[in-house]
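Input: a single structure, listed below in structure tokens.
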Amino acid sequence: MQAQATDSGSSLRERVREFIRTEILDSPDEPLEDSTPLISDGYMNSLSTLKLVSFLEENFDVQLAAHEVSVEYLDTIDQIVATVEEKRGA
């Protein structure tokens with residue numbers, strides 16, 4: 001619960017971006033905008049999506065429902081941040 005009390009939206013966004021750069025992208029130097037389609041453009045597959053979900057749940061004290069582990073909720077950094085903020089009641 002500590003993360004919920006101390007993370008602002010920008011900190012959340014930066015942590016998500018850093019995780020995607022270091023743990024998901026083939027090259028951390030690839031261009032990555034907040035609106036880059038990660039799933040629909042093939043940067044993330046089902047395994048990396050589950051890795052992202054695990055990161056979000058462990059670091060931001062949220063639980064994603066099965067229907068939220070999808071392109072509609074997790075395709076871009078903007079969508080990921082919005083989903084986490086909604087789950088946290090921000």
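Naming works like this for the structure tokens: A, B, ... for the chains as they're shown, residue 1 at the start of each chain, ligands 1 onward in shown order.
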
**Residues within 9 Å of range 43-49 of chain A, only C-alpha atoms, excluding chain neighbours under 5 positions, as number ranges by chain** = A: 23-26, 37-38, 54, 69-70, 74-75

Quick check for you: according to DSSP on this backbone, which residues of range 18-88 of chain A are classed as alpha helix (DSSP H)? Reply as a short mmCIF file (atom, residue, chain, number, x, y, z; two decimals) with C-alpha atoms, in the first residue's frame.
data_model
loop_
_atom_site.label_atom_id
_atom_site.label_comp_id
_atom_site.auth_asym_id
_atom_site.auth_seq_id
_atom_site.Cartn_x
_atom_site.Cartn_y
_atom_site.Cartn_z
CA GLU A 18 11.10 2.14 -17.58
CA PHE A 19 9.75 -1.38 -17.00
CA SER A 46 0.88 -12.82 -24.23
CA LEU A 47 3.90 -13.69 -22.08
CA SER A 48 5.20 -10.13 -21.87
CA THR A 49 1.66 -8.89 -21.19
CA LEU A 50 1.43 -11.21 -18.18
CA LYS A 51 4.86 -10.01 -17.07
CA LEU A 52 3.56 -6.43 -17.23
CA VAL A 53 0.41 -7.37 -15.29
CA SER A 54 2.52 -9.00 -12.58
CA PHE A 55 4.68 -5.85 -12.37
CA LEU A 56 1.60 -3.62 -12.07
CA GLU A 57 -0.07 -5.78 -9.43
CA GLU A 58 3.08 -6.14 -7.32
CA ASN A 59 4.25 -2.53 -7.54
CA PHE A 60 1.00 -0.57 -7.50
CA VAL A 71 -5.50 -4.58 -25.79
CA GLU A 72 -8.41 -2.37 -24.65
CA TYR A 73 -6.71 -1.71 -21.29
CA LEU A 74 -2.98 -2.32 -21.81
CA ILE A 77 1.38 3.53 -21.73
CA ASP A 78 -1.52 6.00 -21.60
CA GLN A 79 -4.01 3.11 -21.29
CA ILE A 80 -1.87 1.27 -18.73
CA VAL A 81 -1.58 4.37 -16.52
CA ALA A 82 -5.32 5.09 -16.83
CA THR A 83 -6.17 1.50 -15.89
CA VAL A 84 -3.91 1.53 -12.82
CA GLU A 85 -5.15 4.96 -11.72
CA GLU A 86 -8.77 3.82 -12.07
CA LYS A 87 -8.04 0.68 -10.05
CA ARG A 88 -6.37 2.79 -7.36
#

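In this model, the gap between CA of Thr76 in chain A and CA of Ser35 in chain A comes to 5.3 Å.
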
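Atom to atom, CA of Arg17 in chain A and CA of Glu33 in chain A stand 8.9 Å apart.
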
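CA of Ile20 in chain A to CA of Leu32 in chain A spans 9.1 Å [interatomic distance, one decimal].
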
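Nearest to Val62 in chain A of all the residues A:Gly89, A:Arg21, A:Val16, A:Asp29 is A:Gly89, counting only C-alpha atoms.
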
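When only C-alpha atoms are used to compute distances to Glu14 in chain A, the closest of the residues A:Pro28, A:Asp34, A:Asp41, A:Asp61 turns out to be A:Asp34.
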